[in-house]
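S.K.: Handing you this structure, nothing more for now.
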Amino acid sequence: MNGKPPIDADAQMIGAILADAEAQTTKIAEEARSTVDAELKSIEAEAKAVREEIVGRAKDKAQRLRARGQALAAVEARRIVLRARESAIQSILTQVKEQLAVLRLDDAAYRASLLFLAEEAVRGVSEPVVQLAVAKRDSHLLDSDFQFALKNGVSKSLGIGPDIRFAFDLADTAGGCVARSGDGRIVFDNTFTRRFERALRSLRAAILKEAPNCHE
């Protein structure tokens with residue numbers, strides 16, 4: 001005998017069972033770990049997708065809000081610019097009206113202005129017979145020299161000398177004149193009032209064109 005105690009068969013069997021159990025436990029644990037890892041990865045991927053969707057929606061909403069804010073800011077900027085320019089226009093027109101009121105008190109200066117307006121109006125009608133109306137308060141300005149200068153100026157411009165008939169019944173007393181064809185079909189309103197209206201429309205149209213666009 002070699003001095004070693006004999007190996008108990010039962011002990012060997014128990015050892016084998018324990019070893020097998022340990023191996024099975026390890027295998028089950030590894031499988032469980034793999035399953036858990038897979039599930040965790042799936043959950044993590046799903047969570048990431050949810051986060052990205054939420055973030056995406058948030059970004060999209062933020063972009064829409066930002067775009068809306070920029071649009072509102074642009075609209076407000078345009079409104080401010082238009083209001084400022086309209087105020088400037090009104091100020092300029094007020095000054096011009098005041099200057100024209102002073103001009104009408106100076107017969108020599110206003111006579112020259114009225115001659116220019118009359119020539120323009122008669123040329124605008126461009127008919128053989130033209131009726132030219134001015135306010136009664138201006139009748140003293142349309143003397144023979146004025147009428148000669150008017151007909152001469154129109155003749156040089158049109159190459160013809162229309163029959164200009166004068167009337168002093170213009171209701172608008174702000175200044176200027178109105179020319180009509182003999183049959184009344186063609187009318188050229190060259191009063192200061194109408195010229196103001198035309199100038200104002202042009203100025204406002206230019207302002208609307210030049211003002212900042214609300215989509216910029």
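Residue numbering restarts at 1 for every chain of the structure tokens, chains are lettered A, B, ... in their displayed order, and ligands are numbered from 1 as they appear.
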Name the residues of segment 80-214 of chain A that fall into alpha helix (DSSP H) according to DSSP on the backbone, using the chain letters and numbers of this document, as a ChimeraX atom specification.

M.R.: /A:80-103,107-125,144-158,192-210

S.K.: Write out as a JSON list (two decimals) with N, CA and C atoms, in the first residue's frame each polymer residue whose atoms come within 7 Å of Leu150 of chain A, counting only C-alpha atoms; drop sequence neighbours fewer than 4 positions from it.

M.R.:
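out20.json written:
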[["chain", "number", "residue", "atom", "x", "y", "z"],
["A", 115, "LEU", "N", -48.24, 128.73, -65.10],
["A", 115, "LEU", "CA", -47.97, 128.61, -66.53],
["A", 115, "LEU", "C", -47.40, 127.23, -66.86],
["A", 119, "GLU", "N", -49.38, 124.49, -69.24],
["A", 119, "GLU", "CA", -48.77, 123.91, -70.45],
["A", 119, "GLU", "C", -48.79, 122.38, -70.37],
["A", 146, "PHE", "N", -49.88, 135.99, -70.35],
["A", 146, "PHE", "CA", -49.94, 134.60, -69.88],
["A", 146, "PHE", "C", -50.51, 133.70, -70.99],
["A", 154, "VAL", "N", -47.16, 125.58, -75.88],
["A", 154, "VAL", "CA", -47.83, 124.34, -76.32],
["A", 154, "VAL", "C", -47.57, 124.11, -77.80]]

S.K.: Counting only C-alpha atoms, give me one row per residue of segment 111-147 of chain A with an atom at most 6 Å from an atom of segment 169-177 of chain A, showing the shortest contact pair and its distance in Å to one decimal, sorted by chain then residue number, as a Markdown table.

M.R.:
| residue | atom | partner | partner_atom | distance |
| --- | --- | --- | --- | --- |
| A:Leu114 | CA | A:Gly176 | CA | 5.8 |
| A:Ala133 | CA | A:Leu170 | CA | 5.6 |
| A:Val134 | CA | A:Cys177 | CA | 4.8 |
| A:Ala135 | CA | A:Leu170 | CA | 4.4 |
| A:Lys136 | CA | A:Asp169 | CA | 5.9 |

S.K.: For Ala88 of chain A, work out the shell of residues within 12 Å, counting only C-alpha atoms and skipping chain neighbours fewer than 5 positions away, then give it as a PDB file with N, CA and C atoms, in the first residue's frame.

M.R.:
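Output (part.pdb):
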ATOM      1  N   VAL A  81     -40.281 100.373 -40.052  1.00  0.00           N
ATOM      2  CA  VAL A  81     -39.706 101.129 -41.171  1.00  0.00           C
ATOM      3  C   VAL A  81     -40.803 101.871 -41.934  1.00  0.00           C
ATOM      4  N   LEU A  82     -41.900 101.160 -42.216  1.00  0.00           N
ATOM      5  CA  LEU A  82     -43.000 101.793 -42.948  1.00  0.00           C
ATOM      6  C   LEU A  82     -43.593 102.960 -42.171  1.00  0.00           C
ATOM      7  N   ARG A  83     -43.747 102.762 -40.859  1.00  0.00           N
ATOM      8  CA  ARG A  83     -44.317 103.826 -40.025  1.00  0.00           C
ATOM      9  C   ARG A  83     -43.397 105.045 -40.013  1.00  0.00           C
ATOM     10  N   LEU A  93     -44.646 116.445 -46.929  1.00  0.00           N
ATOM     11  CA  LEU A  93     -45.820 116.984 -47.606  1.00  0.00           C
ATOM     12  C   LEU A  93     -46.377 118.206 -46.887  1.00  0.00           C
ATOM     13  N   THR A  94     -46.337 118.170 -45.571  1.00  0.00           N
ATOM     14  CA  THR A  94     -46.798 119.327 -44.791  1.00  0.00           C
ATOM     15  C   THR A  94     -45.944 120.550 -45.103  1.00  0.00           C
ATOM     16  N   GLN A  95     -44.629 120.328 -45.173  1.00  0.00           N
ATOM     17  CA  GLN A  95     -43.719 121.430 -45.485  1.00  0.00           C
ATOM     18  C   GLN A  95     -43.975 121.971 -46.893  1.00  0.00           C
ATOM     19  N   LEU A 200     -47.857 111.121 -53.667  1.00  0.00           N
ATOM     20  CA  LEU A 200     -47.987 110.302 -52.462  1.00  0.00           C
ATOM     21  C   LEU A 200     -48.105 108.824 -52.818  1.00  0.00           C
ATOM     22  N   LEU A 203     -44.646 107.623 -53.859  1.00  0.00           N
ATOM     23  CA  LEU A 203     -43.762 107.500 -52.701  1.00  0.00           C
ATOM     24  C   LEU A 203     -44.093 106.259 -51.886  1.00  0.00           C
ATOM     25  N   ARG A 204     -45.374 106.028 -51.656  1.00  0.00           N
ATOM     26  CA  ARG A 204     -45.770 104.873 -50.852  1.00  0.00           C
ATOM     27  C   ARG A 204     -45.460 103.565 -51.568  1.00  0.00           C
ATOM     28  N   ILE A 207     -41.848 102.979 -51.145  1.00  0.00           N
ATOM     29  CA  ILE A 207     -41.563 102.576 -49.766  1.00  0.00           C
ATOM     30  C   ILE A 207     -41.879 101.101 -49.555  1.00  0.00           C
TER      31      ILE A 207
END

S.K.: Could you tell me which of A:Gln90, A:Ser139, A:Gln63, A:Ser113 comes closest to Ala199 of chain A if we count only C-alpha atoms?

M.R.: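 Closest candidate: A:Gln90.
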